[in-house]
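File shown here: input-v9.cif, holding mmCIF, C-alpha atoms and all ligand atoms.
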data_start
#
loop_
_atom_site.label_atom_id
_atom_site.label_comp_id
_atom_site.auth_asym_id
_atom_site.auth_seq_id
_atom_site.Cartn_x
_atom_site.Cartn_y
_atom_site.Cartn_z
CA MET A 1 0.00 0.00 0.00
CA PRO A 2 1.42 3.46 -0.85
CA ARG A 3 2.21 5.65 2.12
CA ASN A 4 1.35 9.27 2.78
CA ALA A 5 3.94 11.80 4.01
CA ALA A 6 3.57 10.95 7.68
CA GLN A 7 3.83 7.23 7.01
CA TRP A 8 6.81 7.74 4.68
CA ASN A 9 8.69 9.63 7.38
CA ARG A 10 7.91 7.21 10.20
CA THR A 11 10.72 5.07 11.59
CA PRO A 12 10.67 1.50 10.23
CA PRO A 13 9.21 -1.18 12.55
CA LEU A 14 12.69 -2.53 13.25
CA PRO A 15 15.30 -1.97 15.97
CA PRO A 16 17.26 1.30 15.48
CA THR A 17 20.34 -0.80 14.63
CA HIS A 18 18.57 -1.89 11.44
CA TYR A 19 18.07 1.45 9.66
CA VAL A 20 19.96 4.70 9.02
CA ASP A 21 18.66 8.26 9.08
CA PRO A 22 19.38 9.92 5.68
CA LEU A 23 20.90 12.87 7.52
CA VAL A 24 24.10 10.87 8.00
CA TYR A 25 24.60 11.06 4.22
CA THR A 26 23.57 14.66 3.57
CA SER A 27 24.67 16.82 6.51
CA GLU A 28 27.74 19.08 6.14
CA GLU A 29 28.02 19.20 9.92
CA ILE A 30 28.11 15.42 10.19
CA LEU A 31 30.79 15.17 7.48
CA ALA A 32 32.90 17.73 9.35
CA GLN A 33 32.59 15.57 12.46
CA GLU A 34 33.44 12.43 10.51
CA ARG A 35 36.67 14.09 9.37
CA ASP A 36 37.59 15.00 12.95
CA LYS A 37 36.34 11.98 14.85
CA ILE A 38 36.86 9.15 12.35
CA PHE A 39 39.23 9.95 9.49
CA ALA A 40 41.68 11.98 11.57
CA ARG A 41 42.05 9.00 13.93
CA ALA A 42 41.76 5.91 11.71
CA TRP A 43 44.38 4.31 9.48
CA SER A 44 44.00 5.06 5.76
CA ILE A 45 45.70 3.59 2.69
CA ALA A 46 47.62 6.38 0.96
CA CYS A 47 49.10 4.28 -1.85
CA HIS A 48 51.09 1.10 -2.44
CA GLU A 49 54.85 0.74 -1.95
CA SER A 50 55.21 -0.14 -5.65
CA GLU A 51 54.07 3.40 -6.54
CA VAL A 52 57.26 4.77 -4.96
CA PRO A 53 59.74 2.02 -5.97
CA GLU A 54 62.96 4.11 -6.13
CA ARG A 55 64.75 6.38 -3.69
CA TYR A 56 63.30 9.93 -3.81
CA ASP A 57 60.06 8.77 -5.49
CA TYR A 58 57.00 10.55 -4.16
CA ARG A 59 53.22 10.18 -4.44
CA THR A 60 50.75 12.82 -3.33
CA TYR A 61 47.58 11.85 -1.47
CA ARG A 62 44.39 13.65 -0.55
CA HIS A 63 43.61 12.30 2.92
CA PRO A 64 39.90 11.85 3.79
CA ALA A 65 40.28 14.07 6.85
CA GLY A 66 40.94 16.88 4.37
CA LYS A 67 44.74 17.04 4.45
CA ASN A 68 47.08 17.05 1.46
CA LEU A 69 49.92 14.60 2.09
CA VAL A 70 52.97 13.38 0.23
CA VAL A 71 54.47 9.90 0.55
CA VAL A 72 58.23 9.85 -0.07
CA ARG A 73 60.77 7.03 -0.26
CA GLY A 74 63.91 8.27 1.44
CA ASP A 75 67.58 7.88 0.62
CA ASP A 76 67.56 5.03 3.18
CA GLY A 77 64.69 3.23 1.40
CA THR A 78 62.21 4.06 4.19
CA ILE A 79 58.79 5.33 3.17
CA ARG A 80 57.68 8.40 5.09
CA THR A 81 54.68 10.71 4.84
CA PHE A 82 54.42 14.45 5.40
CA PHE A 83 51.88 17.21 5.08
CA ASN A 84 52.35 18.57 1.55
CA VAL A 85 52.55 22.02 3.10
CA CYS A 86 55.47 24.43 3.39
CA PRO A 87 55.66 25.53 7.04
CA HIS A 88 56.83 29.03 6.05
CA ARG A 89 53.76 30.62 4.47
CA GLY A 90 51.50 27.60 4.21
CA ASN A 91 51.94 26.88 0.53
CA THR A 92 51.56 23.62 -1.39
CA ILE A 93 54.97 22.09 -2.08
CA LEU A 94 54.29 19.38 -4.66
CA TYR A 95 51.63 19.58 -7.36
CA ASN A 96 52.27 16.48 -9.49
CA PRO A 97 50.54 13.28 -8.38
CA ALA A 98 53.88 11.45 -8.54
CA GLY A 99 57.52 12.10 -9.32
CA ASN A 100 61.11 11.88 -8.12
CA ALA A 101 62.79 14.71 -6.23
CA LYS A 102 65.95 14.74 -4.11
CA HIS A 103 64.68 17.89 -2.49
CA LEU A 104 61.11 18.98 -2.00
CA LEU A 105 61.30 22.60 -3.07
CA CYS A 106 58.55 25.12 -2.34
CA ILE A 107 58.02 27.28 -5.42
CA PHE A 108 56.99 30.30 -3.35
CA HIS A 109 60.21 31.27 -1.51
CA ALA A 110 62.47 28.32 -2.39
CA PHE A 111 62.47 26.72 1.07
CA ALA A 112 63.92 23.22 0.50
CA PHE A 113 63.27 19.98 2.40
CA ASP A 114 64.97 16.59 2.23
CA CYS A 115 63.23 13.24 1.92
CA ARG A 116 63.30 12.79 5.71
CA GLY A 117 61.32 15.98 6.32
CA ASN A 118 64.22 18.23 7.37
CA CYS A 119 64.31 21.80 6.17
CA VAL A 120 67.71 22.04 4.46
CA ALA A 121 67.70 25.45 2.80
CA ILE A 122 66.15 28.85 3.46
CA PRO A 123 67.17 31.66 1.08
CA ARG A 124 68.94 34.49 2.95
CA GLU A 125 68.19 32.74 6.25
CA LYS A 126 70.50 34.71 8.56
CA ALA A 127 69.78 38.06 6.86
CA GLY A 128 66.10 37.82 7.71
CA TYR A 129 65.79 35.56 10.71
CA GLN A 130 69.25 36.15 12.34
CA GLU A 131 69.38 33.58 15.19
CA ARG A 132 65.68 33.87 16.10
CA ILE A 133 64.32 31.04 13.95
CA GLY A 134 65.89 28.82 11.34
CA LYS A 135 65.94 25.56 9.44
CA GLY A 136 65.62 23.55 12.65
CA ASP A 137 62.25 25.14 13.31
CA PHE A 138 60.83 24.59 9.82
CA GLY A 139 60.71 20.80 9.52
CA LEU A 140 57.78 19.24 7.68
CA ARG A 141 54.90 17.71 9.66
CA ALA A 142 55.58 13.96 9.71
CA VAL A 143 52.57 11.63 9.56
CA ARG A 144 52.66 8.15 11.08
CA THR A 145 53.30 5.65 8.31
CA GLU A 146 53.28 1.85 8.35
CA VAL A 147 53.72 -0.40 5.32
CA GLY A 148 51.91 -3.72 5.53
CA PHE A 149 49.08 -6.09 4.65
CA GLY A 150 50.34 -6.55 1.10
CA GLY A 151 52.74 -3.61 0.95
CA PHE A 152 50.17 -0.85 1.34
CA VAL A 153 51.26 2.48 2.76
CA PHE A 154 48.92 3.14 5.68
CA VAL A 155 48.96 6.55 7.33
CA ASN A 156 47.42 7.93 10.50
CA LEU A 157 47.16 11.61 11.45
CA ASP A 158 46.78 10.72 15.13
CA ASP A 159 50.14 10.19 16.82
CA ARG A 160 48.39 8.40 19.70
CA ALA A 161 46.26 5.99 17.65
CA PRO A 162 46.77 2.23 18.17
CA ALA A 163 49.30 0.56 15.88
CA LEU A 164 48.14 -0.59 12.43
CA GLU A 165 48.32 -4.28 13.45
CA THR A 166 46.02 -3.54 16.39
CA PHE A 167 43.60 -1.58 14.21
CA ILE A 168 43.35 -4.32 11.55
CA GLY A 169 43.41 -7.16 14.09
CA GLU A 170 42.48 -10.47 12.49
CA ALA A 171 40.35 -8.96 9.72
CA LEU A 172 42.81 -9.74 6.91
CA ASP A 173 44.05 -13.08 8.26
CA GLY A 174 42.00 -14.97 5.68
CA MET A 175 43.92 -13.48 2.75
CA ARG A 176 47.16 -12.38 4.40
CA ALA A 177 49.19 -15.40 3.19
CA SER A 178 48.14 -14.61 -0.39
CA LEU A 179 48.98 -10.93 0.00
CA GLU A 180 52.38 -11.42 1.58
CA ALA A 181 53.83 -14.46 -0.23
CA GLU A 182 55.29 -12.21 -2.93
CA PRO A 183 55.70 -8.44 -3.28
CA LEU A 184 52.73 -6.92 -5.09
CA GLU A 185 52.67 -4.26 -7.78
CA VAL A 186 50.02 -1.77 -8.89
CA PHE A 187 49.23 -2.14 -12.58
CA THR A 188 46.26 0.19 -12.83
CA PHE A 189 44.95 3.23 -10.98
CA HIS A 190 41.92 5.36 -11.54
CA ARG A 191 39.85 7.80 -9.56
CA ALA A 192 36.11 8.26 -9.93
CA ILE A 193 34.29 11.33 -8.66
CA VAL A 194 30.79 10.16 -7.80
CA ARG A 195 27.84 12.18 -6.58
CA THR A 196 27.11 10.02 -3.58
CA ASN A 197 28.08 9.73 0.07
CA TYR A 198 31.30 7.82 0.75
CA LYS A 199 29.57 5.44 3.16
CA LEU A 200 27.23 4.26 0.43
CA TRP A 201 30.21 3.01 -1.57
CA HIS A 202 31.51 1.16 1.44
CA ASP A 203 27.98 -0.22 1.94
CA THR A 204 27.73 -1.55 -1.60
CA ASN A 205 31.04 -3.34 -1.10
CA SER A 206 29.76 -4.91 2.10
CA GLU A 207 26.34 -6.18 1.02
CA PHE A 208 25.76 -8.82 -1.63
CA TYR A 209 21.96 -8.67 -1.74
CA HIS A 210 22.45 -6.25 -4.65
CA ASP A 211 23.97 -9.09 -6.73
CA TYR A 212 20.54 -9.00 -8.42
CA MET A 213 21.82 -5.83 -10.17
CA HIS A 214 24.79 -7.67 -11.71
CA TYR A 215 23.88 -10.02 -14.56
CA HIS A 216 27.44 -11.35 -14.54
CA ASN A 217 27.31 -12.09 -10.80
CA ARG A 218 23.94 -13.77 -11.14
CA GLN A 219 25.37 -16.17 -13.70
CA THR A 220 28.82 -16.79 -12.25
CA SER A 221 28.23 -16.48 -8.49
CA MET A 222 24.59 -16.69 -7.42
CA ALA A 223 24.07 -19.79 -9.55
CA ALA A 224 27.30 -21.40 -8.35
CA PRO A 225 27.35 -23.95 -5.49
CA GLY A 226 27.81 -22.53 -2.01
CA TYR A 227 26.75 -18.95 -2.81
CA PHE A 228 23.96 -18.81 -0.22
CA GLU A 229 26.15 -20.44 2.42
CA ARG A 230 28.77 -17.69 2.28
CA ARG A 231 28.98 -16.06 5.68
CA TYR A 232 30.06 -12.69 7.01
CA THR A 233 32.60 -12.49 9.78
CA ALA A 234 32.59 -9.28 11.79
CA PHE A 235 35.82 -8.10 13.41
CA PRO A 236 36.54 -5.44 16.03
CA ASN A 237 36.93 -1.85 14.77
CA GLY A 238 34.17 -2.20 12.16
CA HIS A 239 35.92 -4.51 9.70
CA ALA A 240 34.06 -7.39 8.04
CA GLN A 241 35.00 -10.33 5.85
CA VAL A 242 32.68 -11.76 3.23
CA GLY A 243 32.83 -15.56 2.90
CA ASP A 244 35.03 -16.98 0.17
CA GLN A 245 33.58 -18.45 -2.99
CA VAL A 246 34.79 -20.23 -6.10
CA VAL A 247 33.29 -18.32 -9.04
CA ASN A 248 32.08 -20.17 -12.12
CA TYR A 249 33.28 -17.77 -14.83
CA GLU A 250 32.50 -20.35 -17.54
CA ALA A 251 28.78 -19.70 -16.93
CA TYR A 252 29.03 -16.26 -18.56
CA GLU A 253 29.30 -16.26 -22.33
CA GLY A 254 32.70 -15.01 -23.47
CA PHE A 255 34.33 -15.66 -20.09
CA LYS A 256 36.51 -18.58 -19.13
CA SER A 257 38.19 -19.94 -16.02
CA ARG A 258 41.18 -17.95 -14.80
CA ASP A 259 44.57 -19.35 -15.77
CA LEU A 260 46.33 -18.27 -12.58
CA SER A 261 45.61 -17.07 -9.07
CA PHE A 262 47.37 -15.43 -6.15
CA PRO A 263 49.65 -17.68 -4.03
CA GLY A 264 47.68 -19.99 -1.78
CA MET A 265 44.38 -19.50 -3.60
CA ALA A 266 42.41 -21.97 -5.67
CA LEU A 267 41.72 -20.95 -9.25
CA ASN A 268 38.66 -18.67 -9.46
CA GLN A 269 38.50 -18.23 -5.69
CA TRP A 270 37.17 -14.91 -4.42
CA LYS A 271 37.94 -13.27 -1.07
CA MET A 272 36.80 -9.91 0.19
CA VAL A 273 37.37 -7.79 3.29
CA ASP A 274 35.92 -4.37 4.09
CA LEU A 275 37.98 -2.23 6.42
CA PHE A 276 36.54 0.59 8.50
CA PRO A 277 36.04 3.40 7.64
CA GLY A 278 36.45 3.17 3.86
CA MET A 279 38.82 0.60 2.36
CA THR A 280 38.09 -2.68 0.60
CA TYR A 281 40.36 -5.58 -0.33
CA ASN A 282 38.70 -7.43 -3.22
CA LEU A 283 40.75 -10.45 -4.33
CA ARG A 284 39.21 -12.17 -7.32
CA GLY A 285 41.84 -14.88 -7.56
CA SER A 286 44.11 -13.56 -10.27
CA SER A 287 43.99 -9.85 -9.43
CA LEU A 288 43.51 -7.68 -6.37
CA ARG A 289 41.38 -4.56 -6.35
CA ILE A 290 41.76 -2.00 -3.55
CA ASP A 291 39.17 0.74 -3.06
CA THR A 292 39.87 3.82 -0.97
CA LEU A 293 37.50 6.71 -0.33
CA CYS A 294 37.78 10.43 0.16
CA PRO A 295 34.67 12.51 0.82
CA ILE A 296 34.64 15.84 -1.03
CA SER A 297 31.24 16.91 0.27
CA PRO A 298 28.35 14.93 1.82
CA LEU A 299 27.12 13.83 -1.60
CA GLU A 300 30.38 13.88 -3.55
CA THR A 301 33.08 11.26 -3.14
CA ALA A 302 36.42 10.50 -4.75
CA ILE A 303 36.91 6.75 -5.04
CA GLU A 304 40.38 5.50 -5.90
CA PHE A 305 40.79 2.06 -7.45
CA ARG A 306 44.05 0.16 -7.67
CA GLY A 307 44.59 -3.12 -9.48
CA LEU A 308 47.52 -5.28 -8.38
CA GLY A 309 49.37 -8.39 -9.44
CA LEU A 310 52.64 -9.94 -8.32
CA LYS A 311 55.82 -7.98 -8.88
CA CYS A 312 57.46 -11.18 -10.20
CA ASP A 313 54.81 -11.70 -12.90
CA THR A 314 56.06 -12.69 -16.33
CA PRO A 315 54.68 -10.49 -19.14
CA ALA A 316 52.16 -13.23 -19.98
CA GLU A 317 51.04 -13.57 -16.36
CA ARG A 318 50.66 -9.81 -16.01
CA ALA A 319 48.66 -9.63 -19.23
CA ALA A 320 46.34 -12.32 -17.88
CA ARG A 321 45.84 -10.46 -14.58
CA VAL A 322 45.17 -7.17 -16.39
CA HIS A 323 42.70 -8.91 -18.70
CA ASP A 324 40.89 -10.54 -15.77
CA TYR A 325 40.78 -7.24 -13.86
CA ASN A 326 39.50 -5.26 -16.83
CA THR A 327 36.78 -7.69 -17.87
CA ILE A 328 35.25 -7.40 -14.40
CA TRP A 329 36.26 -3.97 -13.12
CA GLY A 330 37.53 -1.98 -16.11
CA PRO A 331 35.45 0.70 -17.86
CA PHE A 332 33.99 -1.94 -20.20
CA GLY A 333 33.92 -4.64 -17.52
CA ARG A 334 30.91 -6.50 -16.22
CA ASN A 335 30.66 -5.26 -12.65
CA LEU A 336 32.18 -2.03 -11.37
CA HIS A 337 30.22 0.49 -13.45
CA GLU A 338 26.98 -1.13 -12.28
CA ASP A 339 27.98 -0.57 -8.65
CA LEU A 340 28.80 3.06 -9.49
CA LEU A 341 25.34 3.44 -11.02
CA GLY A 342 23.82 1.95 -7.88
CA VAL A 343 25.37 4.47 -5.51
CA LEU A 344 24.84 7.34 -7.96
CA GLY A 345 21.12 6.54 -7.86
CA GLN A 346 21.19 6.63 -4.07
CA GLY A 347 22.95 10.00 -4.18
CA ARG A 348 20.30 11.40 -6.54
CA ALA A 349 17.50 10.14 -4.32
CA LEU A 350 19.10 11.57 -1.19
CA GLU A 351 19.50 14.98 -2.84
CA ARG A 352 15.76 15.06 -3.26
CA GLY A 353 14.71 13.81 0.17
CA GLN A 354 14.59 10.22 1.30
CA THR A 355 13.13 8.06 3.98
CA TYR A 356 15.18 5.85 6.27
CA LEU A 357 17.60 3.46 4.60
CA VAL A 358 16.88 -0.05 5.85
CA HIS A 359 19.48 -2.73 6.40
CA GLY A 360 17.28 -5.13 8.32
CA ARG A 361 17.86 -8.48 6.60
CA GLU A 362 18.75 -11.27 9.00
CA GLU A 363 19.79 -14.58 7.44
CA ASP A 364 22.16 -16.09 10.00
CA SER A 365 25.01 -13.86 8.75
CA THR A 366 24.93 -15.47 5.29
CA ILE A 367 25.44 -13.60 2.05
CA HIS A 368 22.13 -11.69 1.84
CA ASP A 369 22.12 -10.82 5.54
CA GLU A 370 22.81 -7.10 5.96
CA VAL A 371 24.95 -7.66 9.04
CA GLY A 372 28.03 -6.16 7.34
CA MET A 373 26.36 -2.75 7.13
CA ARG A 374 24.92 -3.01 10.64
CA HIS A 375 28.40 -3.76 11.94
CA PHE A 376 29.79 -0.71 10.10
CA TYR A 377 27.15 1.69 11.43
CA ALA A 378 27.51 0.40 14.99
CA GLU A 379 31.20 1.28 14.74
CA TRP A 380 30.41 4.60 13.04
CA SER A 381 28.05 5.49 15.90
CA ARG A 382 30.71 4.58 18.45
CA TRP A 383 33.39 6.79 16.86
CA MET A 384 30.95 9.64 16.24
CA GLY A 385 29.25 9.57 19.63
CA ARG A 386 25.87 9.75 17.92
CA SER A 387 23.46 7.19 16.60
CA SER A 388 23.25 6.53 12.85
CA SER A 389 19.51 5.94 13.21
CA ASP A 390 18.95 9.20 15.10
CA PRO A 391 21.98 11.46 14.63
CA SER A 392 20.24 14.68 15.64
CA ALA A 393 22.07 16.89 18.07
CA ASP A 394 18.97 18.42 19.60
CA GLY A 395 17.01 15.30 20.42
CA ALA A 396 14.48 15.64 17.57
CA SER A 397 13.95 12.22 16.12
CA GLY A 398 12.85 10.82 12.82
CA VAL A 399 12.96 12.03 9.25
CA ASN A 400 10.16 14.46 10.06
CA GLY A 401 12.68 16.46 12.03
CA ALA A 402 15.44 16.25 9.46
CA ALA A 403 14.91 19.63 7.79
CA HIS A 404 14.55 21.33 11.13
CA ARG A 405 17.63 19.58 12.45
CA GLU A 406 19.65 20.38 9.32
CA ALA A 407 18.86 24.05 9.85
CA ALA A 408 19.68 23.79 13.53
CA LEU A 409 22.97 22.08 12.84
CA SER A 410 24.20 24.45 10.13
FE FE A 501 28.20 -4.88 -6.73
#
What is this file in structure tokens?
Ligand SMILES: [Fe+2]
Amino acid sequence: MPRNAAQWNRTPPLPPTHYVDPLVYTSEEILAQERDKIFARAWSIACHESEVPERYDYRTYRHPAGKNLVVVRGDDGTIRTFFNVCPHRGNTILYNPAGNAKHLLCIFHAFAFDCRGNCVAIPREKAGYQERIGKGDFGLRAVRTEVGFGGFVFVNLDDRAPALETFIGEALDGMRASLEAEPLEVFTFHRAIVRTNYKLWHDTNSEFYHDYMHYHNRQTSMAAPGYFERRYTAFPNGHAQVGDQVVNYEAYEGFKSRDLSFPGMALNQWKMVDLFPGMTYNLRGSSLRIDTLCPISPLETAIEFRGLGLKCDTPAERAARVHDYNTIWGPFGRNLHEDLLGVLGQGRALERGQTYLVHGREEDSTIHDEVGMRHFYAEWSRWMGRSSSDPSADGASGVNGAAHREAALS
């Protein structure tokens, strides 16, 4: 039966853990808090070590807390991360997404920094500053950096945050042997700017009920043995693993079984882990896809995709991995663009007003259970200190109060 306005705006007849208020996707004030309370404290993947393979290589990174960073491999081979900001007059130091530079040189007043973050040159230093301030006071802001879980460069803006191993816990144990048997290498990178909230991308990676949208998945996964027995495993800190599956690629016309896989994996095996607050490891046997998120505004998100194989790949092996990646996740692939359309549609609907978003399916934590999203929003609520089902600051509850609360919050 269709519902009138009051019915449309009523909370669903489910526990508050099983739905989300649309305000958490549309509020500028909530995004500002997410940057401070979540992204500024959580570990984020800045890039992969293979993107800075040589001494003095650098890679710039827009951190989801809103900071511009640069990852640099030093003269000692160590990978470090700094704010991409000159401490003199607050200018941007590096503009290119990647490069090689023995000194990081600010174009504004030619302050120079080495690859360990030391300020090594200030033009006419003594003439202007005498002994009052000098190179020793103008070091770059170092950001905690740990390389791991397949050679990814994780960074954390919070000097007091738990170590990366503690943050990840056991979430990646199911694929760690495959990730760490051989050094990995990025073979493709692209960034999509999508008019949707960043959490909705993480959601679509952590729920498989929407496999009905993917014709390819319906043929190769849903129809394959064991699909409905796949189970979610929830880990501390909001991470979740989706149960493994062997995919029947032969069931899709024009596709065939993979010729190779990652170490320790059966051919055509698929493993997937979603890390809080916005990273996904998606290992479809022969190639690894890593998603990272950066909110631009509540309904605008930059999603970065990296495809990886083994550094030791022969040219033929690499070509096979690239082919397998592209046929699923490339621009003419059979999966990724459909997911992008899914979250774009959610973004459009949210722009125009929406009711509660429901993730209330309970199927004993199997593949169409929405427990992955519930686990994420429970963690989100914990970090934010407000409920995802009723995030209002003033106690007003329900979608009915959303416009009022939005005004009150802004
Ligand atoms: Fe999907």
Task: Within 8 Å of region 98-107 of chain A using all atoms listed in the file, minus same-chain residues under 6 positions, as a list in words - done: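 Returned residues: Arg55, Tyr56, Asp57, Tyr58, Arg59, Thr60, Cys86, Asn91, Thr92, Phe113, Asp114 and Cys115 of chain A.
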- [ ] Around ligand FE 501 (chain A), at most 8 Å away and counting all atoms listed in the file, which residues are there? Put them as a PyMOL selection string, please.
- [x] chain A and resi 204-205+208+210-211+213-214+335-336+338-339
Can you check which parts of region 160-227 of chain A lie within 9 Å of region 47-51 of chain A? Per residue, the shortest pair of atoms and distance in Å to one decimal, counting all atoms listed in the file, sorted by chain and number, as a Markdown table.
| residue | atom | partner | partner_atom | distance |
| --- | --- | --- | --- | --- |
| A:Pro183 | CA | A:Ser50 | CA | 8.6 |
| A:Leu184 | CA | A:Ser50 | CA | 7.2 |
| A:Glu185 | CA | A:Ser50 | CA | 5.3 |
| A:Val186 | CA | A:Ser50 | CA | 6.3 |
Open item on the list: From (44.9, 12.7, -1.0), in the file's coordinates, out to 12 Å: which residues are reached, counting only C-alpha atoms? Answer as a ChimeraX atom specification.
Closed with: /A:44-47,59-71,81-84,95-98,155,191,292-296,302-304
- [ ] Figure out the distance between CA of Ala112 (chain A) and CA of Arg124 (chain A), please, to one decimal in Å.
- [x]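 Between CA of Arg124 (chain A) and CA of Ala112 (chain A) the gap is 12.6 Å.
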Per-residue nearest contacts region 250-324 of chain A to region 226-238 of chain A, cut-off 8 Å, using all atoms listed in the file, as CSV:
residue,atom,partner,partner_atom,distance
A:Leu275,CA,A:Gly238,CA,6.9
A:Phe276,CA,A:Gly238,CA,5.2
A:Pro277,CA,A:Gly238,CA,7.4
What's around Ala181 (chain A) at 10 Å? Count all atoms listed in the file, leave out sequence neighbours fewer than 4 positions away in its own chain, and write the answer as a PDB file with C-alpha atoms, in the frame of the given file.
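Printed below is result34.pdb as written:
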ATOM      1  CA  GLY A 150      50.340  -6.550   1.100  1.00  0.00           C
ATOM      2  CA  ARG A 176      47.160 -12.380   4.400  1.00  0.00           C
ATOM      3  CA  ALA A 177      49.190 -15.400   3.190  1.00  0.00           C
ATOM      4  CA  PHE A 262      47.370 -15.430  -6.150  1.00  0.00           C
ATOM      5  CA  PRO A 263      49.650 -17.680  -4.030  1.00  0.00           C
ATOM      6  CA  GLY A 264      47.680 -19.990  -1.780  1.00  0.00           C
ATOM      7  CA  LEU A 310      52.640  -9.940  -8.320  1.00  0.00           C
TER       8      LEU A 310
END
Task: Selection near Gly285 (chain A), 6 Å with only C-alpha atoms, sequence-local residues under 6 positions removed, as a list in words - done: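 Within the cut-off, the hits are Ser261, Phe262, Asn268, Gln269 and Trp270 of chain A.
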Open item on the list: Ranking A:Leu31, A:Ala192, A:Ile122, A:Met175 by minimum distance to Asp244 (chain A) and counting all atoms listed in the file, which one comes first?
Closed with: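 Distance minimum relative to Asp244 (chain A) lands on A:Met175.
Proximity to Gln354 (chain A) was assessed for A:Pro22, A:Arg318, A:Gly372, A:Thr11 counting only C-alpha atoms; the smallest distance is recorded for A:Pro22.
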TODO: Quote the spacing between CA of Ser221 (chain A) and CA of Val246 (chain A) in Å to one decimal place.
DONE: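 Calculated distance between CA of Ser221 (chain A) and CA of Val246 (chain A) is 7.9 Å.
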Leu172 (chain A) surroundings by only C-alpha atoms, 8 Å radius, close-in-sequence under 4 positions cut, as a PDB file with C-alpha atoms, in the frame of the given file:
ATOM      1  CA  PHE A 149      49.080  -6.090   4.650  1.00  0.00           C
ATOM      2  CA  ILE A 168      43.350  -4.320  11.550  1.00  0.00           C
ATOM      3  CA  ARG A 176      47.160 -12.380   4.400  1.00  0.00           C
ATOM      4  CA  GLN A 241      35.000 -10.330   5.850  1.00  0.00           C
ATOM      5  CA  VAL A 273      37.370  -7.790   3.290  1.00  0.00           C
TER       6      VAL A 273
END
- [ ] For region 330-332 of chain A, list every protein, DNA or RNA residue within 12 Å, evaluated using all atoms listed in the file, and leave out those in the same chain fewer than 4 positions away; present the list as a PyMOL selection string.
- [x] chain A and resi 188-192+289+305-307+321-326+336-340
Open item on the list: Taking all atoms listed in the file into account, name the residue in A:Glu250, A:Asp36, A:Asp369, A:Asp137 that is nearest to His18 (chain A).
Closed with: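 Going through A:Glu250, A:Asp36, A:Asp369, A:Asp137 one by one, the smallest distance to His18 (chain A) is for A:Asp369.
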- [ ] Enter the distance from CA of Gly77 (chain A) to CA of Pro123 (chain A), in Å, rounded to one decimal.
- [x]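 If I compute the distance from CA of Gly77 (chain A) to CA of Pro123 (chain A), I get 28.5 Å.
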Around region 344-361 of chain A, with edges along x, y and z and 8 Å added on all six sides, what centre and edge lengths do you get, in Å to one decimal, as JSON?
{"center_x": 19.0, "center_y": 3.3, "center_z": 0.2, "size_x": 27.7, "size_y": 39.5, "size_z": 32.3}
